[in-house]
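Peer 1: File name target24.csv; file contents CSV, C-alpha atoms; full text below.
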chain,number,residue,atom,x,y,z
A,1,MET,CA,13.7,33.9,-15.7
A,2,ASP,CA,16.9,35.7,-16.3
A,3,SER,CA,19.6,33.1,-16.8
A,4,ASN,CA,22.4,35.7,-16.5
A,5,LEU,CA,21.7,36.4,-12.8
A,6,PRO,CA,24.4,34.9,-10.7
A,7,GLY,CA,23.7,32.3,-8.1
A,8,TYR,CA,25.2,32.4,-4.6
A,9,LYS,CA,28.5,30.8,-4.0
A,10,THR,CA,27.9,27.2,-3.0
A,11,LEU,CA,30.2,25.5,-0.5
A,12,LEU,CA,30.6,21.8,0.0
A,13,ILE,CA,30.7,21.6,3.8
A,14,ASP,CA,31.1,17.9,3.9
A,15,GLU,CA,30.9,15.3,1.2
A,16,LEU,CA,27.1,15.1,1.7
A,17,THR,CA,26.0,18.7,2.1
A,18,TYR,CA,26.0,21.9,0.1
A,19,ARG,CA,25.6,25.3,1.8
A,20,PHE,CA,24.9,28.8,0.5
A,21,THR,CA,24.3,32.1,2.2
A,22,THR,CA,22.0,34.8,0.7
A,23,ASP,CA,22.5,38.6,0.7
A,24,SER,CA,20.0,38.6,3.6
A,25,ASN,CA,22.2,36.2,5.6
A,26,ASP,CA,19.7,33.4,5.2
A,27,ILE,CA,21.7,30.1,5.3
A,28,TYR,CA,20.4,27.2,3.2
A,29,GLU,CA,21.8,23.6,3.1
A,30,CYS,CA,20.9,20.9,0.7
A,31,ALA,CA,21.5,17.2,0.2
A,32,PHE,CA,20.4,14.3,-2.0
A,33,VAL,CA,19.1,11.2,-0.2
A,34,SER,CA,18.7,7.8,-1.9
A,35,PHE,CA,15.1,6.9,-2.9
A,36,ALA,CA,16.2,3.4,-4.0
A,37,ASN,CA,13.9,1.6,-1.5
A,38,TYR,CA,10.8,3.1,-3.1
A,39,PHE,CA,11.9,1.9,-6.6
A,40,SER,CA,13.2,-1.6,-5.8
A,41,ALA,CA,10.8,-3.0,-8.4
A,42,TYR,CA,13.1,-1.2,-11.0
A,43,PRO,CA,16.5,-2.7,-10.2
A,44,ASN,CA,18.2,-1.2,-13.3
A,45,ILE,CA,17.6,2.4,-12.1
A,46,ALA,CA,16.6,2.2,-8.4
A,47,ALA,CA,20.0,3.2,-7.1
A,48,ASN,CA,19.9,6.3,-9.2
A,49,PHE,CA,16.8,7.8,-7.7
A,50,TYR,CA,17.5,10.6,-5.2
A,51,SER,CA,15.3,13.0,-3.3
A,52,PHE,CA,16.4,16.6,-3.1
A,53,ASN,CA,16.2,18.3,0.3
A,54,LEU,CA,16.6,22.1,0.7
A,55,VAL,CA,16.5,23.4,4.2
A,56,LEU,CA,16.7,26.9,5.7
A,57,VAL,CA,19.0,26.3,8.6
A,58,SER,CA,19.3,29.9,9.9
A,59,ASP,CA,16.4,31.6,11.8
A,60,SER,CA,13.5,32.2,9.5
A,61,ILE,CA,13.0,35.9,8.8
A,62,LYS,CA,10.3,37.2,6.4
A,63,HIS,CA,11.9,39.3,3.7
A,64,LYS,CA,10.1,41.5,1.2
A,65,GLY,CA,10.2,40.5,-2.4
A,66,THR,CA,11.6,37.4,-4.1
A,67,ASP,CA,15.3,36.6,-4.2
A,68,GLN,CA,15.8,35.0,-7.6
A,69,ARG,CA,19.4,34.2,-6.8
A,70,ILE,CA,18.1,31.4,-4.5
A,71,ALA,CA,16.4,29.8,-7.5
A,72,HIS,CA,19.5,30.2,-9.7
A,73,THR,CA,21.6,28.6,-7.0
A,74,VAL,CA,19.3,25.7,-6.5
A,75,ILE,CA,19.0,25.1,-10.2
A,76,ARG,CA,22.7,25.1,-10.5
A,77,ILE,CA,23.1,22.6,-7.7
A,78,VAL,CA,20.4,20.2,-9.1
A,79,SER,CA,21.5,20.5,-12.7
A,80,SER,CA,25.1,19.8,-11.7
A,81,PHE,CA,23.9,16.7,-9.9
A,82,LEU,CA,22.0,15.6,-12.9
A,83,SER,CA,24.8,16.4,-15.4
A,84,SER,CA,26.3,12.9,-15.0
A,85,MET,CA,23.2,11.8,-16.9
A,86,VAL,CA,22.9,8.8,-14.6
A,87,ASN,CA,20.7,10.1,-11.7
A,88,ALA,CA,17.2,11.4,-11.4
A,89,VAL,CA,15.9,13.7,-8.7
A,90,VAL,CA,12.5,13.6,-7.0
A,91,TYR,CA,11.4,16.7,-5.2
A,92,VAL,CA,8.7,16.3,-2.6
A,93,CYS,CA,7.0,19.3,-1.0
A,94,ASP,CA,6.7,19.0,2.7
A,95,PRO,CA,2.9,19.0,3.3
A,96,THR,CA,3.0,19.4,7.1
A,97,ASP,CA,3.0,23.2,7.4
A,98,GLY,CA,0.2,23.8,4.9
A,99,ARG,CA,2.3,25.9,2.6
A,100,ASP,CA,3.2,23.1,0.2
A,101,ALA,CA,1.0,24.3,-2.6
A,102,ALA,CA,2.7,27.7,-2.8
A,103,ARG,CA,6.2,26.2,-2.3
A,104,PHE,CA,5.5,23.7,-5.1
A,105,LYS,CA,4.3,26.4,-7.5
A,106,LYS,CA,7.5,28.3,-6.8
A,107,PHE,CA,9.7,25.2,-7.3
A,108,ARG,CA,8.0,24.3,-10.6
A,109,ASN,CA,8.5,27.9,-11.9
A,110,TRP,CA,12.2,27.7,-11.2
A,111,TYR,CA,12.5,25.0,-13.9
A,112,SER,CA,10.9,27.2,-16.5
A,113,TYR,CA,14.5,28.3,-17.0
A,114,THR,CA,15.3,28.0,-20.7
A,115,SER,CA,19.0,27.4,-20.6
A,116,PRO,CA,20.2,26.2,-17.2
A,117,PRO,CA,23.9,25.5,-16.5
A,118,PHE,CA,24.9,21.9,-17.3
A,119,GLY,CA,22.2,21.3,-19.9
A,120,LYS,CA,18.4,21.2,-20.1
A,121,ILE,CA,16.4,19.6,-17.3
A,122,ILE,CA,13.1,17.9,-17.9
A,123,GLN,CA,10.5,18.3,-15.2
A,124,VAL,CA,7.5,16.0,-14.7
A,125,THR,CA,5.1,16.8,-11.9
A,126,ARG,CA,2.5,14.9,-10.0
A,127,GLU,CA,0.0,15.7,-7.3
A,128,VAL,CA,-1.3,12.5,-5.7
A,129,ASP,CA,-3.6,11.7,-2.8
A,130,GLY,CA,-2.5,9.0,-0.4
A,131,GLY,CA,-1.9,8.3,3.3
A,132,GLY,CA,-4.3,11.1,4.3
A,133,MET,CA,-2.4,13.8,2.4
A,134,THR,CA,-1.8,15.3,-1.0
A,135,LEU,CA,1.8,14.8,-2.0
A,136,ARG,CA,3.1,17.3,-4.5
A,137,THR,CA,6.2,16.0,-6.3
A,138,ALA,CA,8.4,16.6,-9.3
A,139,LEU,CA,10.8,14.4,-11.1
A,140,LEU,CA,13.8,16.1,-12.6
A,141,ILE,CA,16.1,14.5,-15.1
A,142,HIS,CA,18.7,15.6,-17.6
A,143,GLU,CA,17.2,15.6,-21.1
A,144,ASP,CA,20.1,13.6,-22.4
A,145,ASN,CA,19.9,10.9,-19.7
A,146,PRO,CA,19.7,7.7,-21.8
A,147,ARG,CA,17.2,6.1,-19.4
A,148,LYS,CA,14.9,9.1,-18.9
A,149,ASP,CA,11.9,7.1,-20.2
A,150,GLU,CA,12.5,4.4,-17.7
A,151,PHE,CA,12.8,6.9,-14.9
A,152,VAL,CA,9.6,8.7,-15.8
A,153,GLN,CA,7.6,5.4,-16.1
A,154,ALA,CA,8.9,4.2,-12.7
A,155,TYR,CA,8.1,7.5,-11.1
A,156,PHE,CA,4.5,7.4,-12.4
A,157,GLN,CA,4.0,3.8,-11.5
A,158,VAL,CA,5.2,4.2,-7.9
A,159,LEU,CA,3.0,7.3,-7.4
A,160,ASP,CA,0.0,5.8,-9.0
A,161,LYS,CA,0.1,2.4,-7.3
A,162,GLU,CA,-2.9,1.5,-5.1
B,1,MET,CA,23.4,25.6,15.9
B,2,SER,CA,23.8,22.8,18.4
B,3,ASN,CA,25.2,19.4,17.7
B,4,LYS,CA,22.4,17.5,19.4
B,5,VAL,CA,22.0,14.1,17.8
B,6,ILE,CA,18.4,13.2,17.1
B,7,GLN,CA,17.9,9.8,18.8
B,8,GLU,CA,15.5,7.6,17.0
B,9,PRO,CA,15.5,3.9,16.4
B,10,LYS,CA,17.4,2.7,13.3
B,11,LYS,CA,15.0,1.9,10.6
B,12,GLU,CA,14.7,-1.6,9.2
B,13,ASN,CA,15.9,-2.4,5.7
B,14,THR,CA,12.7,-2.9,3.8
B,15,GLU,CA,14.2,-4.1,0.6
B,16,ASN,CA,13.3,-7.7,1.2
B,17,SER,CA,10.1,-7.3,3.1
B,18,LYS,CA,6.6,-7.0,1.6
B,19,PRO,CA,6.1,-4.0,-0.7
B,20,MET,CA,4.8,-0.8,0.9
B,21,THR,CA,1.4,0.5,0.0
B,22,LYS,CA,1.1,4.0,-1.5
B,23,ALA,CA,-0.1,5.4,1.9
B,24,GLU,CA,2.9,3.8,3.6
B,25,ILE,CA,5.3,5.2,1.0
B,26,PHE,CA,3.9,8.7,1.4
B,27,GLN,CA,4.0,8.7,5.2
B,28,LYS,CA,7.6,7.4,5.2
B,29,ILE,CA,8.7,9.9,2.6
B,30,VAL,CA,7.3,12.8,4.7
B,31,ALA,CA,8.6,11.4,8.0
B,32,ASP,CA,12.1,10.8,6.6
B,33,GLN,CA,12.1,14.3,5.1
B,34,GLN,CA,11.3,15.8,8.5
B,35,ILE,CA,14.1,13.9,10.2
B,36,ILE,CA,16.6,15.2,7.6
B,37,HIS,CA,15.3,18.7,7.8
B,38,LYS,CA,15.5,18.7,11.6
B,39,ALA,CA,18.9,17.3,11.6
B,40,LEU,CA,20.2,20.0,9.2
B,41,GLN,CA,18.5,22.7,11.3
B,42,ASN,CA,20.2,21.3,14.5
B,43,GLY,CA,23.6,21.0,12.9
B,44,VAL,CA,23.6,17.2,13.0
B,45,PRO,CA,26.0,15.9,10.3
B,46,LEU,CA,24.2,13.8,7.8
B,47,LYS,CA,26.8,11.0,8.3
B,48,GLU,CA,25.2,10.6,11.7
B,49,LEU,CA,21.8,10.0,10.1
B,50,GLU,CA,23.4,7.3,7.9
B,51,LYS,CA,24.4,5.5,11.0
B,52,THR,CA,21.3,6.1,13.1
B,53,HIS,CA,18.5,5.9,10.5
B,54,GLY,CA,20.1,4.0,7.6
B,55,PHE,CA,19.7,6.8,5.1
B,56,LYS,CA,22.1,6.8,2.2
B,57,PHE,CA,23.2,10.3,0.9
B,58,ALA,CA,24.8,11.0,-2.4
B,59,ARG,CA,28.5,11.9,-2.3
B,60,LEU,CA,28.8,15.4,-3.7
B,61,GLN,CA,31.5,17.3,-5.5
B,62,ASN,CA,32.5,21.0,-5.6
B,63,ILE,CA,30.5,23.0,-8.1
B,64,ALA,CA,32.7,25.2,-10.2
B,65,ASP,CA,31.8,28.9,-10.0
Since I need it in another form, could you write the structure as structure tokens?

Peer 2:
Amino acid sequence: MDSNLPGYKTLLIDELTYRFTTDSNDIYECAFVSFANYFSAYPNIAANFYSFNLVLVSDSIKHKGTDQRIAHTVIRIVSSFLSSMVNAVVYVCDPTDGRDAARFKKFRNWYSYTSPPFGKIIQVTREVDGGGMTLRTALLIHEDNPRKDEFVQAYFQVLDKE
Amino acid sequence: MSNKVIQEPKKENTENSKPMTKAEIFQKIVADQQIIHKALQNGVPLKELEKTHGFKFARLQNIAD
């Protein structure tokens, strides 16, 4: 992926939400919600687990081709969030529309980026069956996060529990 | 975008109750995600979801261009 391609301008619309608008006038908003409840067995790091939510908030219009600037914008947002080297981000593909496999593949490829802003991000992925569904997830963490091994271990243990 | 607030019962704090099974965790993750997505699509401020559903969102900062 070309790391010189600029992302879209990201606006902080309230202290909880980022928004960006693409050249096609698609409007996306994103936020990070605490996942601490799911990791309460790991009190040293539970409060630092967040889930990343990216939502198209304008009317959905099918465009030809792929807008790589969206990927660059999202990478910029997530890597900025992780640059404190305190938090970890879990991305969960919404399985309810049947397009999660394709969406997950796209998201995974975004992090093939060799030199993202704010430092290198480690990505660990997992596809797990449970609750009558297959959940496709990724853990994202800054490579210099001093607790990255604890985060990865907790992520696997929660996903692999019976 | 309307400012319609999604009215659903506030969720219980589960930190002190019995641990959720994997199936329960997965179903809750997906259900919560859908609530958040619908709220954003309907122009509902996420602070409202903190009050109505007990979600806790990260406080964000401007990203330098």

Peer 1: Of the residues A:Leu16, A:Leu140, A:Val158, A:Val74, which is the one nearest to Val128 of chain A, using only C-alpha atoms?

Peer 2: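 Of A:Leu16, A:Leu140, A:Val158, A:Val74, the one nearest Val128 of chain A is A:Val158, counting only C-alpha atoms.
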
Peer 1: Which residue, A:Ala101, A:Val57, A:Cys30, A:Ala36, has the smallest gap to chain B when you use only C-alpha atoms?

Peer 2: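 Among the listed residues, A:Val57 lies closest to chain B.
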
Peer 1: Which polymer residues, protein or nucleic acid, are no farther than 7 Å from (20.3, 11.5, 11.2), counting all atoms listed in the file, as a CSV table (one decimal) with C-alpha atoms, keeping the file's coordinate frame?

Peer 2:
chain,number,residue,atom,x,y,z
B,6,ILE,CA,18.4,13.2,17.1
B,35,ILE,CA,14.1,13.9,10.2
B,36,ILE,CA,16.6,15.2,7.6
B,39,ALA,CA,18.9,17.3,11.6
B,44,VAL,CA,23.6,17.2,13.0
B,46,LEU,CA,24.2,13.8,7.8
B,48,GLU,CA,25.2,10.6,11.7
B,49,LEU,CA,21.8,10.0,10.1
B,50,GLU,CA,23.4,7.3,7.9
B,52,THR,CA,21.3,6.1,13.1
B,53,HIS,CA,18.5,5.9,10.5

Peer 1: Please measure the separation of atom CA of Leu60 of chain B and atom CA of Tyr111 of chain A, giving the value in Å to one decimal.

Peer 2: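 Value for the atom CA of Leu60 of chain B-atom CA of Tyr111 of chain A distance: 21.5 Å.
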
Peer 1: Using only C-alpha atoms and a cut-off of 8 Å, which residues of chain B sit close to chain A? Please list them as a PyMOL selection string.

Peer 2: chain B and resi 14-15+21-27+30+33+36-37+40-42+46-47+55-63+65

Peer 1: For the selection you just gave me, I'd like the residues written to a file as an mmCIF file, in the coordinates of the input, keeping C-alpha atoms.

Peer 2:
data_model
loop_
_atom_site.group_PDB
_atom_site.id
_atom_site.type_symbol
_atom_site.label_atom_id
_atom_site.label_comp_id
_atom_site.auth_asym_id
_atom_site.auth_seq_id
_atom_site.Cartn_x
_atom_site.Cartn_y
_atom_site.Cartn_z
ATOM 1 C CA THR B 14 12.700 -2.900 3.800
ATOM 2 C CA GLU B 15 14.200 -4.100 0.600
ATOM 3 C CA THR B 21 1.400 0.500 0.000
ATOM 4 C CA LYS B 22 1.100 4.000 -1.500
ATOM 5 C CA ALA B 23 -0.100 5.400 1.900
ATOM 6 C CA GLU B 24 2.900 3.800 3.600
ATOM 7 C CA ILE B 25 5.300 5.200 1.000
ATOM 8 C CA PHE B 26 3.900 8.700 1.400
ATOM 9 C CA GLN B 27 4.000 8.700 5.200
ATOM 10 C CA VAL B 30 7.300 12.800 4.700
ATOM 11 C CA GLN B 33 12.100 14.300 5.100
ATOM 12 C CA ILE B 36 16.600 15.200 7.600
ATOM 13 C CA HIS B 37 15.300 18.700 7.800
ATOM 14 C CA LEU B 40 20.200 20.000 9.200
ATOM 15 C CA GLN B 41 18.500 22.700 11.300
ATOM 16 C CA ASN B 42 20.200 21.300 14.500
ATOM 17 C CA LEU B 46 24.200 13.800 7.800
ATOM 18 C CA LYS B 47 26.800 11.000 8.300
ATOM 19 C CA PHE B 55 19.700 6.800 5.100
ATOM 20 C CA LYS B 56 22.100 6.800 2.200
ATOM 21 C CA PHE B 57 23.200 10.300 0.900
ATOM 22 C CA ALA B 58 24.800 11.000 -2.400
ATOM 23 C CA ARG B 59 28.500 11.900 -2.300
ATOM 24 C CA LEU B 60 28.800 15.400 -3.700
ATOM 25 C CA GLN B 61 31.500 17.300 -5.500
ATOM 26 C CA ASN B 62 32.500 21.000 -5.600
ATOM 27 C CA ILE B 63 30.500 23.000 -8.100
ATOM 28 C CA ASP B 65 31.800 28.900 -10.000
#

Peer 1: How many Å separate atom CA of Tyr155 of chain A from atom CA of Thr73 of chain A?

Peer 2: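 Pair atom CA of Tyr155 of chain A / atom CA of Thr73 of chain A returns 25.4 Å.
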
Peer 1: Using atom CA of Lys28 of chain B and atom CA of Thr137 of chain A as the two end points, give the distance in Å to one decimal.

Peer 2: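 One can read the atom CA of Lys28 of chain B to atom CA of Thr137 of chain A distance as 14.4 Å.
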
Peer 1: Using all atoms listed in the file, pick whichever of A:Asn44, A:Thr66, A:Ile121, A:Phe151 has the shortest atom-to-atom distance to Ser24 of chain A.

Peer 2: A:Thr66

Peer 1: Would you kindly identify which residues have an atom no farther than 6 Å from (10.1, 17.5, -9.2), using all atoms listed in the file and the file's own coordinates, and write them out as a PyMOL selection string?

Peer 2: chain A and resi 90-91+125+137-140

Peer 1: Ranking A:His72, A:Arg108, A:His142, A:Arg136 by minimum distance to Ile122 of chain A and counting only C-alpha atoms, which one comes first?

Peer 2: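 For Ile122 of chain A, the nearest of the given residues is A:His142.
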